[in-house]
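**Q** Quick one: structure below, then a few questions.
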Amino acid sequence: MRATPLTVYLPFNRDCLRGGFTPAKRGGAPTEARGHWLIVQEQGLLVVPEGDGFRLPTGARPPALDAASGEPLWLGTWAGTECWVAGLPRGAAVPDGLHRETLVPMQGTRLPDDLLSLGGIAMQALWWESTSGHCPRCGERTERIGGEWGKRCPACRYEHYPHLHPAVIVLVRDGDRVLLARKSIWAPGRYALVAGFVDNGESLEGAVAREVKEEVGVDVKDIRYVGSQNWPFPSQIMLGFVATYAGGAIAIDPEELEDARWFPADRLPTGPARHSIARFIIDNYVAGG
């Protein structure tokens with residue numbers, strides 16, 4: 001049986017840090033904001049260039065952030081050092097000595113997997129903070145629940161927690177060919193897997209069959225789960241599947257896709273970046289794994 005890497009170690013999954021990260025949801029925050037700094041601006045991480053790579057700024061809060069970034073968030077501990085998150089507003093100048101590197105794989109990120117994963121966790125933490133400030137039931141300002149990422153309303157006592165939006169992504173196979181699709185906004189010649197969000201009341205397998213039918217017009221069978229990946233753009237969990245073609249002609253949804261077609265398994269077009277579960281599935285399951 002062919003051995004394949006585990007999806008849990010894909011970038012953006014906390015498992016990628018291999019036990020080196022402890023989240024801040026347990027225990028009280030340190031009294032001093034000092035340690036590693038995960039400074040996010042839009043979908044970029046501010047890092048220190050070092051040789052051919054990058055490292056996180058470390059130590060006290062960079063003075064240039066005092067007026068621009070607001071109160072820092074304690075994210076947890078990585079490799080024995082506290083991690084703090086700060087958001088730098090769009091258009092704000094990047095402090096001297098730091099460089100903004102994109103966290104988006106499709107934009108050619110150069111960050112190593114550990115910094116991608118930490119940056120993704122930081123982005124999701126900032127997204128949660130920006131969307132959870134008021135109670136969704138009564139509008140009162142929320143308060144952090146001690147030892148948790150959740151928020152509680154002091155008025156109606158409603159509690160809510162960081163939201164993950166489940167999406168399925170699937171490789172459709174038919175013998176020695178596979179079905180791939182592309183969106184118009186992608187780089188020329190780039191194709192990837194069919195994907196979409198799970199609806200209320202829907203099983204994951206049902207979502208796979210529906211999304212394939214809606215987006216490319218074909219039916220599938222033998223739907224099999226193969227792994228998952230956290231995807232912090234802004235807060236998704238991608239659930240990967242393979243499925244077998246069961247009939248129908250390709251008919252794309254033009255509101256979702258520009259093109260979809262069958263490709264020989266040994267002659268695939270330009271595909272997704274190595275950081276994504278889409279790449280993992282293509283690399284490990286095109287040949288029938």
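Residues are named by chain letter and number: chains run A, B, ... in the order of the structure tokens, numbers start at 1 in each chain, and ligands are numbered from 1 in the order shown.
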Please build the interface table for region 192-268 of chain A against region 125-140 of chain A with a cut-off of 10 Å, listing for each qualifying residue the nearest atom pair and the distance in Å to one decimal; count only C-alpha atoms, order rows by chain and increasing number, and write it as a Markdown table.
**A**
```
| residue | atom | partner | partner_atom | distance |
| --- | --- | --- | --- | --- |
| A:Pro232 | CA | A:Trp127 | CA | 9.2 |
| A:Phe233 | CA | A:Trp127 | CA | 9.5 |
| A:Pro234 | CA | A:Trp127 | CA | 6.9 |
| A:Ser235 | CA | A:Trp127 | CA | 7.9 |
```
**Q** Write out as a PyMOL selection string which residues come within 9 Å of Gly35 (chain A) when counting only C-alpha atoms, dropping same-chain ones fewer than 2 positions away.
**A** chain A and resi 33+37+57-61+77+81-84
**Q** Which polymer residues have any atom within 12 Å of an atom of Ser184 (chain A), counting only C-alpha atoms, with same-chain residues fewer than 4 positions away left out, as a VMD selection string?
**A** chain A and resid 188 to 191 254 to 260
**Q** I'd like the neighbourhood of Phe280 (chain A) as a PDB file with C-alpha atoms, in the first residue's frame, where a residue qualifies if any of its atoms comes within 10 Å (using only C-alpha atoms), though same-chain residues fewer than 2 positions away should be ignored.
**A**
```
ATOM      1  CA  THR A   4       1.125   9.213   1.781  1.00  0.00           C
ATOM      2  CA  PRO A   5       1.727  12.219   4.034  1.00  0.00           C
ATOM      3  CA  LEU A   6      -1.001  13.033   6.529  1.00  0.00           C
ATOM      4  CA  THR A   7      -3.186  16.048   5.839  1.00  0.00           C
ATOM      5  CA  LEU A  10      -0.498  20.610   5.993  1.00  0.00           C
ATOM      6  CA  VAL A 226      -9.467  11.760   2.690  1.00  0.00           C
ATOM      7  CA  GLY A 227      -8.539  14.602   5.057  1.00  0.00           C
ATOM      8  CA  GLY A 240     -11.314  16.775   1.255  1.00  0.00           C
ATOM      9  CA  PRO A 272      -2.976  24.724  -6.780  1.00  0.00           C
ATOM     10  CA  ALA A 273      -0.018  25.595  -4.547  1.00  0.00           C
ATOM     11  CA  ARG A 274       1.682  22.897  -2.475  1.00  0.00           C
ATOM     12  CA  HIS A 275       0.332  24.448   0.734  1.00  0.00           C
ATOM     13  CA  SER A 276      -3.280  23.434   0.003  1.00  0.00           C
ATOM     14  CA  ILE A 277      -5.325  20.308   0.532  1.00  0.00           C
ATOM     15  CA  ALA A 278      -6.251  20.550  -3.156  1.00  0.00           C
ATOM     16  CA  ILE A 282      -4.119  15.783  -6.602  1.00  0.00           C
ATOM     17  CA  ASP A 283      -0.658  14.512  -5.719  1.00  0.00           C
ATOM     18  CA  ASN A 284      -1.892  11.509  -3.745  1.00  0.00           C
ATOM     19  CA  TYR A 285      -5.189  10.434  -5.301  1.00  0.00           C
ATOM     20  CA  VAL A 286      -5.161  11.210  -9.035  1.00  0.00           C
TER      21      VAL A 286
END
```
**Q** Report as a ChimeraX atom specification all protein, DNA and RNA residues lying within 12 Å of region 88-99 of chain A, evaluated on only C-alpha atoms, omitting residues in the same chain fewer than 6 positions from it.
**A** /A:37-50,53-58,61-72,110-111,123,126
**Q** Generate a file of the selected residues that holds C-alpha atoms, formatted as a compact mmCIF listing (two decimals), in the first residue's frame.
**A**
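Heads up, here's the output in again18.txt:
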```
# COMPACT_ATOMS: atom_id res chain seq x y z
CA TRP A 37 4.91 39.06 17.57
CA LEU A 38 2.46 38.00 14.87
CA ILE A 39 1.64 41.32 13.22
CA VAL A 40 -0.99 40.96 10.50
CA GLN A 41 -1.74 43.58 7.86
CA GLU A 42 -4.59 42.55 5.57
CA GLN A 43 -3.49 39.03 4.55
CA GLY A 44 0.20 39.57 5.15
CA LEU A 45 2.48 38.80 8.09
CA LEU A 46 5.17 41.27 9.18
CA VAL A 47 8.45 39.40 9.57
CA VAL A 48 12.17 40.06 9.95
CA PRO A 49 14.25 39.06 6.89
CA GLU A 50 17.07 36.77 8.02
CA GLY A 53 14.34 33.26 5.18
CA PHE A 54 12.28 35.08 7.75
CA ARG A 55 11.67 35.08 11.50
CA LEU A 56 9.09 36.67 13.76
CA PRO A 57 9.94 39.92 15.55
CA THR A 58 10.63 38.99 19.16
CA ARG A 61 6.07 45.28 21.52
CA PRO A 62 7.62 47.18 18.57
CA PRO A 63 7.26 50.89 19.48
CA ALA A 64 6.08 51.78 15.98
CA LEU A 65 2.91 49.75 16.62
CA ASP A 66 1.80 51.58 19.76
CA ALA A 67 -0.52 54.04 18.06
CA ALA A 68 -1.63 51.94 15.10
CA SER A 69 -2.40 48.39 16.18
CA GLY A 70 -4.62 48.57 19.27
CA GLU A 71 -4.54 46.18 22.20
CA PRO A 72 -2.52 43.03 21.42
CA ARG A 110 7.62 32.51 0.75
CA LEU A 111 6.91 31.87 4.42
CA MET A 123 -5.58 35.99 11.20
CA LEU A 126 -8.20 38.89 14.61
```
**Q** Give me the residues within 7 Å of Leu116 (chain A) as a list in words, counting only C-alpha atoms and dropping any in the same chain fewer than 5 places off.
**A**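 Answer for this query is Pro11, Phe12, Leu103 and Leu111 of chain A.
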**Q** Which of region 42-255 of chain A end up as helix (DSSP H, G or I) when DSSP is run on this backbone - answer as an NGL selection string?
**A** :A and (63-65 or 105-107 or 113-131 or 204-216)
**Q** How far is it from CA of Leu268 (chain A) to CA of Asp113 (chain A), in Å with one decimal?
**A**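 Going from CA of Leu268 (chain A) over to CA of Asp113 (chain A), I get 25.4 Å.
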**Q** Go through A:Leu115, A:Val216, A:Leu73, A:Ile252 one by one, measure the shortest atom-to-atom distance of each to Ala29 (chain A) using only C-alpha atoms, and give the residue with the smallest value.
**A**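 So, comparing all the options, the nearest one is A:Leu73.
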**Q** Of the candidates A:Thr102, A:Thr244, A:Thr31, A:Ser203, which one gets nearest to Arg224 (chain A) if we count only C-alpha atoms?
**A**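 Answer, going by the shortest atom-to-atom distance: A:Thr244.
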**Q** Give me the residues within 12 Å of Asp15 (chain A) as a VMD selection string, counting only C-alpha atoms and dropping any in the same chain fewer than 2 places off.
**A** chain A and resid 6 to 13 17 to 23 113 to 114 117 to 118 121 228 to 230
**Q** Just the selected residues (C-alpha atoms), exported as a PDB file, in the first residue's frame, please.
**A**
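Output saved as again_33.pdb:
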```
ATOM      1  CA  LEU A   6      -1.001  13.033   6.529  1.00  0.00           C
ATOM      2  CA  THR A   7      -3.186  16.048   5.839  1.00  0.00           C
ATOM      3  CA  VAL A   8      -2.967  17.042   9.499  1.00  0.00           C
ATOM      4  CA  TYR A   9       0.550  18.293   8.800  1.00  0.00           C
ATOM      5  CA  LEU A  10      -0.498  20.610   5.993  1.00  0.00           C
ATOM      6  CA  PRO A  11       0.235  24.309   6.592  1.00  0.00           C
ATOM      7  CA  PHE A  12      -2.514  26.233   8.424  1.00  0.00           C
ATOM      8  CA  ASN A  13      -3.362  23.130  10.472  1.00  0.00           C
ATOM      9  CA  LEU A  17       3.509  22.837  14.470  1.00  0.00           C
ATOM     10  CA  ARG A  18       3.898  19.274  15.833  1.00  0.00           C
ATOM     11  CA  GLY A  19       3.010  19.987  19.424  1.00  0.00           C
ATOM     12  CA  GLY A  20       5.145  23.103  19.669  1.00  0.00           C
ATOM     13  CA  PHE A  21       2.175  25.442  20.070  1.00  0.00           C
ATOM     14  CA  THR A  22      -0.106  25.698  23.110  1.00  0.00           C
ATOM     15  CA  PRO A  23      -3.198  27.881  22.567  1.00  0.00           C
ATOM     16  CA  ASP A 113       5.086  26.207   7.034  1.00  0.00           C
ATOM     17  CA  ASP A 114       5.412  27.016  10.747  1.00  0.00           C
ATOM     18  CA  SER A 117       0.392  28.175  10.354  1.00  0.00           C
ATOM     19  CA  LEU A 118       0.995  30.667  13.153  1.00  0.00           C
ATOM     20  CA  ILE A 121      -4.103  31.251  13.559  1.00  0.00           C
ATOM     21  CA  SER A 228      -9.006  18.215   6.112  1.00  0.00           C
ATOM     22  CA  GLN A 229      -7.245  21.554   6.315  1.00  0.00           C
ATOM     23  CA  ASN A 230      -7.878  24.717   8.245  1.00  0.00           C
TER      24      ASN A 230
END
```
**Q** Rank A:Lys213, A:Arg14, A:Arg144, A:His165 by their smallest atom-to-atom distance to Phe197 (chain A), using only C-alpha atoms, and report the top residue only.
**A**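 Checking each candidate against Phe197 (chain A), we get A:His165 as the closest.
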**Q** Which of these residues is nearest to Gly119 (chain A), using only C-alpha atoms: A:Glu143, A:Arg261, A:Ala246, A:Trp231?
**A**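 When distances to Gly119 (chain A) are compared using only C-alpha atoms, the smallest one comes from A:Trp231.
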**Q** Go ahead and compute the interatomic distance for CA of Trp74 (chain A) and CA of Arg157 (chain A), in Å to one decimal.
**A**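 Separation between CA of Trp74 (chain A) and CA of Arg157 (chain A): 24.2 Å.
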**Q** Please identify the strand (DSSP E) residues within region 155-256 of chain A (assignment by DSSP from backbone atoms) and present them as a ChimeraX atom specification.
**A** /A:159-160,165-174,177-182,194-197,219-231,236-247
